[in-house]
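Here is the structure we will look at.
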Amino acid sequence: MSDKPAPKESTDKQALLDLDRSIGNFSFPERHKYDAGYGLSEQTIDYICDVKNEPDWIREFRKKALQVFESKPLPTHWATKEIEKIDFDAIRYYLSDGERPKRSWDDVPDDVKRTFERLGVPEQERQFLAGVEAQYDSESAYSNIKEELKSQGVIFVNSTEGLKEYPEIFKPWFGKVIPTGDNKFSALNSAVFSGGSFIYVPKGLKLKHPLQAYFRINSENFGQFERTLIIADEGAELMYMEGCTAPQFETSTLHSAVVELVALKGAKIQYVTVQNWSSNVFNMVTKRGIAMEDAEIRWIDCNIGSGLTMKYPGVVLKGKRARGEVISIAIANTGQHQDTGAKMIHAADDTTSNVVSKSISIGSGRSSYRGQVVIPRGLKGCKNNTECDALLLAADSRTDTYPAITVRGDKNVVQHEASVSQVSEDMLFYMEQRGIPKAAAMSLAVNGFINDLVQEFPMEYSVELRRLIDLEMEDSIG
Amino acid sequence: MSLIIKNLHANVQGTPILKGINLEIPKGEVHAIMGPNGSGKSTLSKVLCGHPDYEITQGEVWLDGQNLLEMGVDERSRAGLFLAFQYPMEVPGVSNANFLRAAMQARMPEGEELDAVSFYKTLYAKMDQLGMARKFTSRAVNEGFSGGEKKRNEVLQMLLLEPSYAILDETDSGLDIDALRIVSEGVNSMRSPFRSFLVITHYKRLLDYIKPDVVHVLAHGQIVRTGGYELVDELEAQGYEFLKELDLPNA
């Protein structure tokens with residue numbers, strides 16, 4: 001942290017790590033049949049419920065949530081004042097073309113199809129995915145899962161279809177992992193949610209290939225509020241991946257998702273995110289999972305884009321020997337603030353949690369780590385390990401760490417390590433002296449810093465990450 | 001073909017360190033620079049390589065007819081200038097092999113990929129030559145290396161990059177007798193009519209292994225004496241006392 005002006009080469013550094021931020025920067029003209037208009041009121045909610053033809057219990061759920069949203073202040077007593085710049089009256093809360101999600105890309109409207117083709121989604125689906133959901137503004141345009149999985153009882157639909165078609169599975173968990181009143185933005189999502197995935201994997205079924213969702217914002221002055229609920233029944237295993245992009249608009253856009261994961265006894269869920277929103281998107285996301293006995297939940301999270309991201313994936317370790325993990329990479333360039341972290345709530349004996357967070361601040365970018373680890377009195381055999389490392393690339397890059405660890409009782413082990421390092425001028429000089437151009441040298445240093453975490457991401461996944469990571473190929477030739 | 005330094009002056013944070021260096025190193029020759037602490041030896045090596053901390057106030061440097069001072073740090077390297085650092089930097093998380101590959105790749109013509117198999121073959125051969133264990137390919141560059149291991153790693157990089165002008169900045173410091181011999185043999189194996197060395201050292205023992213053609217004494221930012229190998233013995237016997245007698249115009 002420093003008040004010094006950036007050294008002159010910092011612009012070079014920005015340019016080179018401004019990686020693939022342009023990949024999602026295109027849009028098609030709007031052709032919405034349904035537009036809830038600007039601002040948020042009970043009428044907005046009625047409009048959404050009517051368009052989606054939702055049951056009454058959801059309408060009530062939404063309206064209660066609206067009251068909670070309106071009653072809660074913005075959390076500026078601890079969060080950045082930037083969130084005050086969100087103008088809730090200048091946002092459109094629901095936009096759709098009124099089409100049902102298609103099972104074949106051939107049936108998807110041409111502009112939408114071209115959007116996802118440019119983002120590489122259909123190609124990835126062919127190559128390695130078990131199912132894909134592609135959301136365009138408020139609704140999913142495409143949703144498909146391999147027949148074989150469907151016949152084994154796997155459910156992979158959007159949230160509206162989930163709550164209508166599978167209420168007996170959906171309702172018991174919906175809003176239970178993250179209650180409406182958890183925070184202002186979870187309340188907002190609960191009021192106006194649309195899209196997102198509902199997934200159920202039956203007992204003992206282990207999915208070999210990942211399921212993927214891609215969230216795309218195409219329209220200006222719009223808020224995307226997808227809602228995802230994933231339930232892995234006893235002994236089931238799955239990996240879910242999400243990607244997101246938006247074009248660079250003149251005005252800011254809001255993305256506020258709620259993601260709830262339920263891992264029943266012995267189940268395993270891995271949730272992978274590569275967030276590459278354009279830099280005027282406010283990304284305010286609440287993500288939490290509940291892990292029962294012997295279950296495991298891992299959040300693998302990479303935040304490259306957005307102007308401000310506030311996201312602290314959490315795991316409630318409810319059953320004995322449950323395991324929770326958050327692996328996160330955040331890259332904050334000039335004009336960006338990645339405020340990310342993790343929550344690990346231990347609620348049973350012998351539960352373990354692991355948090356590894358690495359952030360890179362470029363130019364005047366800021367990254368913050370906020371962690372919460374709770375081990376209440378009376379528990380024994382609980383373990384937490386937290387490591388957070390920050391890399392600063394310029395003199396006015398900024399990083400902060402706010403760990404909050406509450407451990408009561410004495411039969412548990414908690415470990416916290418934090419470090420801040422810099423790509424120093426001397427390190428760059430050394431690399432350049434070997435003939436490596438400055439941009440490549442910087443890339444090497446950054447890749448070196450996050451190398452161990454990058455190996456946790458499925459490599460085929462995203463073009464964004466692929467270009468970021470020049471994976472060490474040494475072993476490949478034996 | 002040579003490295004020509006003409007009346008080179010350089011400051012660090014406004015303080016003059018180099019005060020008119022004149023030096024010509026023809027291809028194929030080994031020159032040694034000796035001199036007391038603080039005389040500007042390391043500064044000279046960094047200035048030649050383009051370290052951003054130094055401001056050049058006067059003078060010229062020509063590398064095989066190219067104006068070196070107008071080239072970027074990485075360009076100078078690719079043009080054939082190599083510095084074995086006195087204090088090599090650590091590059092956390094980047095394996096030695098990947099670092100070297102990036103350096104080799106940077107020398108490939110646009111659009112061409114380095115052949116990984118032949119790269120490793122060469123790398124392993126050079127490591128064997130220096131008695132370096134294979135584990136050093138996967139370890140992060142210089143991270144957790146002992147002083148001697150770092151110096152050996154510098155020479156490894158030199159062997160791979162095959163520079164036409166190599167500056168060794170106190171490469172002997174931190175080396176035990178055996179390592180000194182191995183490293184010197186590595187350097188000697190590279191001596192050729194097409195390659196020059198500038199060896200900066202305090203000690204005769206390195207120059208016993210790497211026999212210089214010309215020896216210079218650097219003091220107060222200038223070359224104050226130049227001679228043959230016999231100058232090394234003279235300095236070893238008498239030290240730098242003679243400097244006090246000298247009347248240096250810019251000192």
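Identifiers for the structure tokens are assigned positionally: chains receive A, B, ... in sequence, residues are indexed from 1 per chain, and ligands are indexed from 1 in the order shown.
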Long-range neighbours of segment 87-99 of chain B as a VMD selection string, 10 Å cut-off, only C-alpha atoms, 2 positions minimum in chain: (chain A and resid 423 to 424 426 to 431 434 436 441 444 to 452 470 to 474) or (chain B and resid 83 to 85 101 to 105 119 to 120 123 135 to 145 147 150 to 151 153 to 154 157 169 to 171 173)
DSSP alpha helix (DSSP H) selection over segment 165-226 of chain B, as a PyMOL selection string: chain B and resi 177-190+204-209
Residues from the last selection, C-alpha atoms, saved as an mmCIF file, in the first residue's frame:
data_model
loop_
_atom_site.group_PDB
_atom_site.id
_atom_site.type_symbol
_atom_site.label_atom_id
_atom_site.label_comp_id
_atom_site.auth_asym_id
_atom_site.auth_seq_id
_atom_site.Cartn_x
_atom_site.Cartn_y
_atom_site.Cartn_z
ATOM 1 C CA ILE B 177 36.839 -25.283 -3.660
ATOM 2 C CA ASP B 178 35.123 -28.122 -5.516
ATOM 3 C CA ALA B 179 32.257 -25.945 -6.716
ATOM 4 C CA LEU B 180 34.721 -23.289 -7.832
ATOM 5 C CA ARG B 181 36.527 -25.846 -9.944
ATOM 6 C CA ILE B 182 33.322 -27.200 -11.491
ATOM 7 C CA VAL B 183 31.962 -23.748 -12.246
ATOM 8 C CA SER B 184 35.285 -22.619 -13.715
ATOM 9 C CA GLU B 185 35.423 -25.705 -15.892
ATOM 10 C CA GLY B 186 31.941 -24.830 -17.081
ATOM 11 C CA VAL B 187 33.079 -21.363 -18.021
ATOM 12 C CA ASN B 188 36.268 -22.635 -19.647
ATOM 13 C CA SER B 189 34.269 -25.097 -21.719
ATOM 14 C CA MET B 190 32.576 -22.104 -23.289
ATOM 15 C CA LYS B 204 43.184 -14.613 -7.630
ATOM 16 C CA ARG B 205 41.900 -18.137 -7.070
ATOM 17 C CA LEU B 206 39.126 -17.743 -9.678
ATOM 18 C CA LEU B 207 41.574 -16.297 -12.161
ATOM 19 C CA ASP B 208 43.846 -19.267 -11.609
ATOM 20 C CA TYR B 209 41.079 -21.364 -13.115
#
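Here atom CA of Thr401 of chain A and atom CA of Glu387 of chain A stand 10.8 Å from one another.
Each of A:Asn189, A:Asn53, A:Thr340, A:Thr273 was checked against Leu40 of chain A using only C-alpha atoms; the smallest atom-to-atom distance is that of A:Asn189.
Between atom CA of Ser96 of chain A and atom CA of Asn283 of chain A there is a distance of 20.6 Å.
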For Pro16 of chain B: contacts at 12 Å, only C-alpha atoms, fewer than 3 positions along chain excluded, given as a list in words: Leu8, His9, Ala10, Asn11, Val12, Gln13, Lys19, Gly20, Gly38, Ser39, Gly40, Thr43, Leu44, Tyr54, Glu55, Ile56, Thr57, Gln58, His220, Gly221, Gln222, Asn250 and Ala251 of chain B
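Comparing B:Leu168, B:Gly174, B:Asn37, B:Glu241 by their smallest distance to Ser146 of chain B, the closest is B:Gly174 (using only C-alpha atoms).
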For Leu23 of chain B: contacts at 7 Å, only C-alpha atoms, fewer than 3 positions along chain excluded, given as a PyMOL selection string: chain B and resi 4-6
